[in-house]
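What follows is the content of target_15.tsv, which has TSV, C-alpha atoms:
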```
chain	number	residue	atom	x	y	z
C	1	MET	CA	80.40	205.09	96.75
C	2	VAL	CA	79.72	208.40	98.46
C	3	ASP	CA	82.23	211.17	97.95
C	4	LEU	CA	82.90	212.52	101.45
C	5	ALA	CA	84.58	215.64	100.10
C	6	GLN	CA	81.16	217.19	99.49
C	7	TYR	CA	80.62	217.26	103.27
C	8	LEU	CA	83.80	219.26	103.91
C	9	PRO	CA	82.10	222.71	103.83
C	10	ILE	CA	79.57	221.53	106.44
C	11	LEU	CA	82.36	220.21	108.64
C	12	ILE	CA	84.28	223.48	108.33
C	13	PHE	CA	81.12	225.42	109.18
C	14	LEU	CA	80.54	223.26	112.28
C	15	PHE	CA	84.11	223.80	113.50
C	16	ILE	CA	83.85	227.56	112.99
C	17	ALA	CA	80.48	227.67	114.76
C	18	ALA	CA	81.79	225.63	117.70
C	19	GLY	CA	84.91	227.82	117.92
C	20	LEU	CA	82.91	231.06	117.87
C	21	SER	CA	80.47	229.70	120.45
C	22	ALA	CA	83.32	228.75	122.78
C	23	LEU	CA	84.92	232.16	122.19
C	24	PHE	CA	81.70	234.02	123.05
C	25	VAL	CA	81.28	231.96	126.22
C	26	PHE	CA	84.82	231.80	127.59
C	27	ALA	CA	86.34	235.09	126.37
C	28	PRO	CA	84.19	237.32	128.64
C	29	MET	CA	85.01	235.13	131.63
C	30	GLY	CA	88.71	235.34	130.86
C	31	VAL	CA	88.60	239.10	130.36
C	32	ALA	CA	86.72	239.52	133.66
C	33	ARG	CA	89.37	237.52	135.50
C	34	LEU	CA	92.21	239.45	133.91
C	35	THR	CA	90.73	242.91	134.46
C	36	GLY	CA	89.71	242.31	138.06
C	37	ALA	CA	85.96	242.42	137.48
C	38	HIS	CA	85.76	238.99	139.12
C	39	ASN	CA	86.22	240.07	142.72
C	40	PRO	CA	83.36	238.66	144.82
C	41	ASP	CA	82.76	240.21	148.22
C	42	ALA	CA	79.82	240.30	150.64
C	43	GLU	CA	78.22	243.30	148.91
C	44	LYS	CA	78.34	241.70	145.47
C	45	LEU	CA	76.90	238.43	146.77
C	46	SER	CA	74.00	240.08	148.62
C	47	GLU	CA	70.38	240.03	147.45
C	48	TYR	CA	69.83	242.65	144.80
C	49	GLU	CA	66.58	241.79	143.04
C	50	CYS	CA	64.05	242.03	145.85
C	51	GLY	CA	66.12	243.85	148.45
C	52	PHE	CA	65.73	241.47	151.37
C	53	PRO	CA	66.99	237.97	152.20
C	54	ALA	CA	64.88	234.99	151.23
C	55	PHE	CA	62.47	233.70	153.86
C	56	GLU	CA	62.94	230.03	153.03
C	57	ASP	CA	65.45	227.73	151.43
C	58	PRO	CA	65.49	228.49	147.69
C	59	ARG	CA	65.36	224.77	146.95
C	60	SER	CA	62.09	224.27	148.81
C	61	ARG	CA	59.34	222.25	147.17
C	62	PHE	CA	56.53	223.94	145.33
C	63	ASP	CA	52.94	223.15	146.08
C	64	VAL	CA	51.49	220.61	143.66
C	65	ARG	CA	48.76	223.11	142.73
C	66	PHE	CA	51.40	225.27	141.09
C	67	TYR	CA	52.31	222.42	138.75
C	68	LEU	CA	48.65	221.70	138.05
C	69	ILE	CA	48.02	225.32	137.07
C	70	ALA	CA	51.18	225.29	134.94
C	71	ILE	CA	50.11	222.13	133.11
C	72	LEU	CA	46.63	223.54	132.49
C	73	PHE	CA	48.19	226.73	131.14
C	74	ILE	CA	50.38	224.73	128.75
C	75	ILE	CA	47.40	222.69	127.55
C	76	PHE	CA	45.30	225.75	126.77
C	77	ASP	CA	48.30	227.55	125.28
C	78	LEU	CA	48.79	224.65	122.90
C	79	GLU	CA	45.11	224.85	122.06
C	80	ALA	CA	45.70	228.40	120.84
C	81	ALA	CA	48.73	227.19	118.89
C	82	PHE	CA	46.54	224.61	117.13
C	83	LEU	CA	43.78	227.09	116.36
C	84	PHE	CA	45.87	229.45	114.23
C	85	PRO	CA	47.07	226.94	111.59
C	86	TRP	CA	43.60	225.41	111.53
C	87	ALA	CA	42.01	228.80	110.87
C	88	VAL	CA	44.52	229.59	108.12
C	89	SER	CA	43.99	226.26	106.35
C	90	LEU	CA	40.24	226.00	106.84
C	91	ASP	CA	39.56	226.62	103.16
C	92	LEU	CA	41.67	223.55	102.31
C	93	THR	CA	40.30	221.21	104.99
C	94	GLY	CA	36.65	222.15	104.51
C	95	TRP	CA	33.89	220.62	106.59
C	96	PRO	CA	35.89	217.61	107.83
C	97	GLY	CA	38.52	219.97	109.23
C	98	TRP	CA	35.88	222.14	110.86
C	99	ILE	CA	34.12	219.16	112.46
C	100	THR	CA	37.42	217.74	113.71
C	101	MET	CA	38.35	221.05	115.34
C	102	MET	CA	34.92	221.34	116.96
C	103	VAL	CA	35.38	217.86	118.47
C	104	PHE	CA	38.82	218.93	119.69
C	105	LEU	CA	37.44	222.12	121.23
C	106	PHE	CA	34.57	220.20	122.83
C	107	GLU	CA	37.05	217.82	124.48
C	108	LEU	CA	39.06	220.76	125.79
C	109	ILE	CA	35.95	222.47	127.14
C	110	VAL	CA	34.93	219.27	128.93
C	111	GLY	CA	38.44	219.02	130.40
C	112	TYR	CA	38.33	222.66	131.51
C	113	ALA	CA	34.91	222.16	133.12
C	114	TYR	CA	36.19	219.06	134.92
C	115	ALA	CA	39.27	220.91	136.21
C	116	TRP	CA	37.04	223.74	137.39
C	117	LYS	CA	34.61	221.31	139.06
C	118	ILE	CA	37.26	219.48	141.07
C	119	GLY	CA	38.77	222.78	142.20
C	120	ALA	CA	42.03	222.56	140.28
C	121	LEU	CA	41.84	226.27	139.47
C	122	GLU	CA	41.28	227.36	143.08
C	123	TRP	CA	44.18	229.01	144.85
C	124	GLU	CA	44.33	229.63	148.58
```

Mind turning this structure into structure tokens?
Amino acid sequence: MVDLAQYLPILIFLFIAAGLSALFVFAPMGVARLTGAHNPDAEKLSEYECGFPAFEDPRSRFDVRFYLIAILFIIFDLEAAFLFPWAVSLDLTGWPGWITMMVFLFELIVGYAYAWKIGALEWE
């Protein structure tokens, strides 16, 4: 039978963490309401980052090419993330590890060439 008393410190830690998280989220909102910092008016709700009103609806659809470029960026970013641990452990993996990574890089280069050929990287 498992003694559940050994899990009591973890449970206490979780309650303290949840309480502190709620305090850090809700305390500033409560202080802002009590001190009058929460007083929205037209000046506070105006555009402040770019300085002029938006041209279109902010919920407009993005062009599909944006998503294609984003996916290609993620793929090649992950390639870089795979190269570092491979390079660090190359002395342990030896020739099989090197050959496997060269096959992986060849597949990525073929995919990049295909994306370039079909015009996926072109932007108008």

Checklist line | Spatial neighbours of segment 62-73 of chain C, max dist 9 Å, all atoms listed in the file, sep filter under 4 positions, as a list in words | finding: Asp77, Leu78, Tyr112, Ala115, Ala120, Leu121, Glu122 and Trp123 of chain C

As JSON: centre and edge lengths in Å, one decimal, of the axis-aligned box holding segment 63-75 of chain C with 3 Å per side:
```
{"center_x": 49.8, "center_y": 223.7, "center_z": 136.8, "size_x": 12.3, "size_y": 12.1, "size_z": 24.5}
```

Checklist line | Top pick for closest residue to Phe82 of chain C, considering C:Ala17, C:Ala113, C:Leu8, C:Leu105 and counting all atoms listed in the file | finding: C:Leu105

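As for atom CA of Leu11 of chain C and atom CA of Ala27 of chain C, they are spaced 23.5 Å apart.
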
Next item on the list: Go ahead and compute the interatomic distance for atom CA of Pro85 of chain C and atom CA of Trp98 of chain C, in Å to one decimal.
Entry: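 Result for atom CA of Pro85 of chain C versus atom CA of Trp98 of chain C: 12.2 Å, one decimal.
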
Next item on the list: Work out how far apart atom CA of Ser46 of chain C and atom CA of Leu34 of chain C are and give it in Å to one decimal.
Entry: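 Computing it gives 23.4 Å between the two atoms.
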
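Distances to Ala80 of chain C were evaluated for C:Leu4, C:Arg59, C:Leu108, C:Ile99 using all atoms listed in the file, and the minimum falls at C:Leu108.
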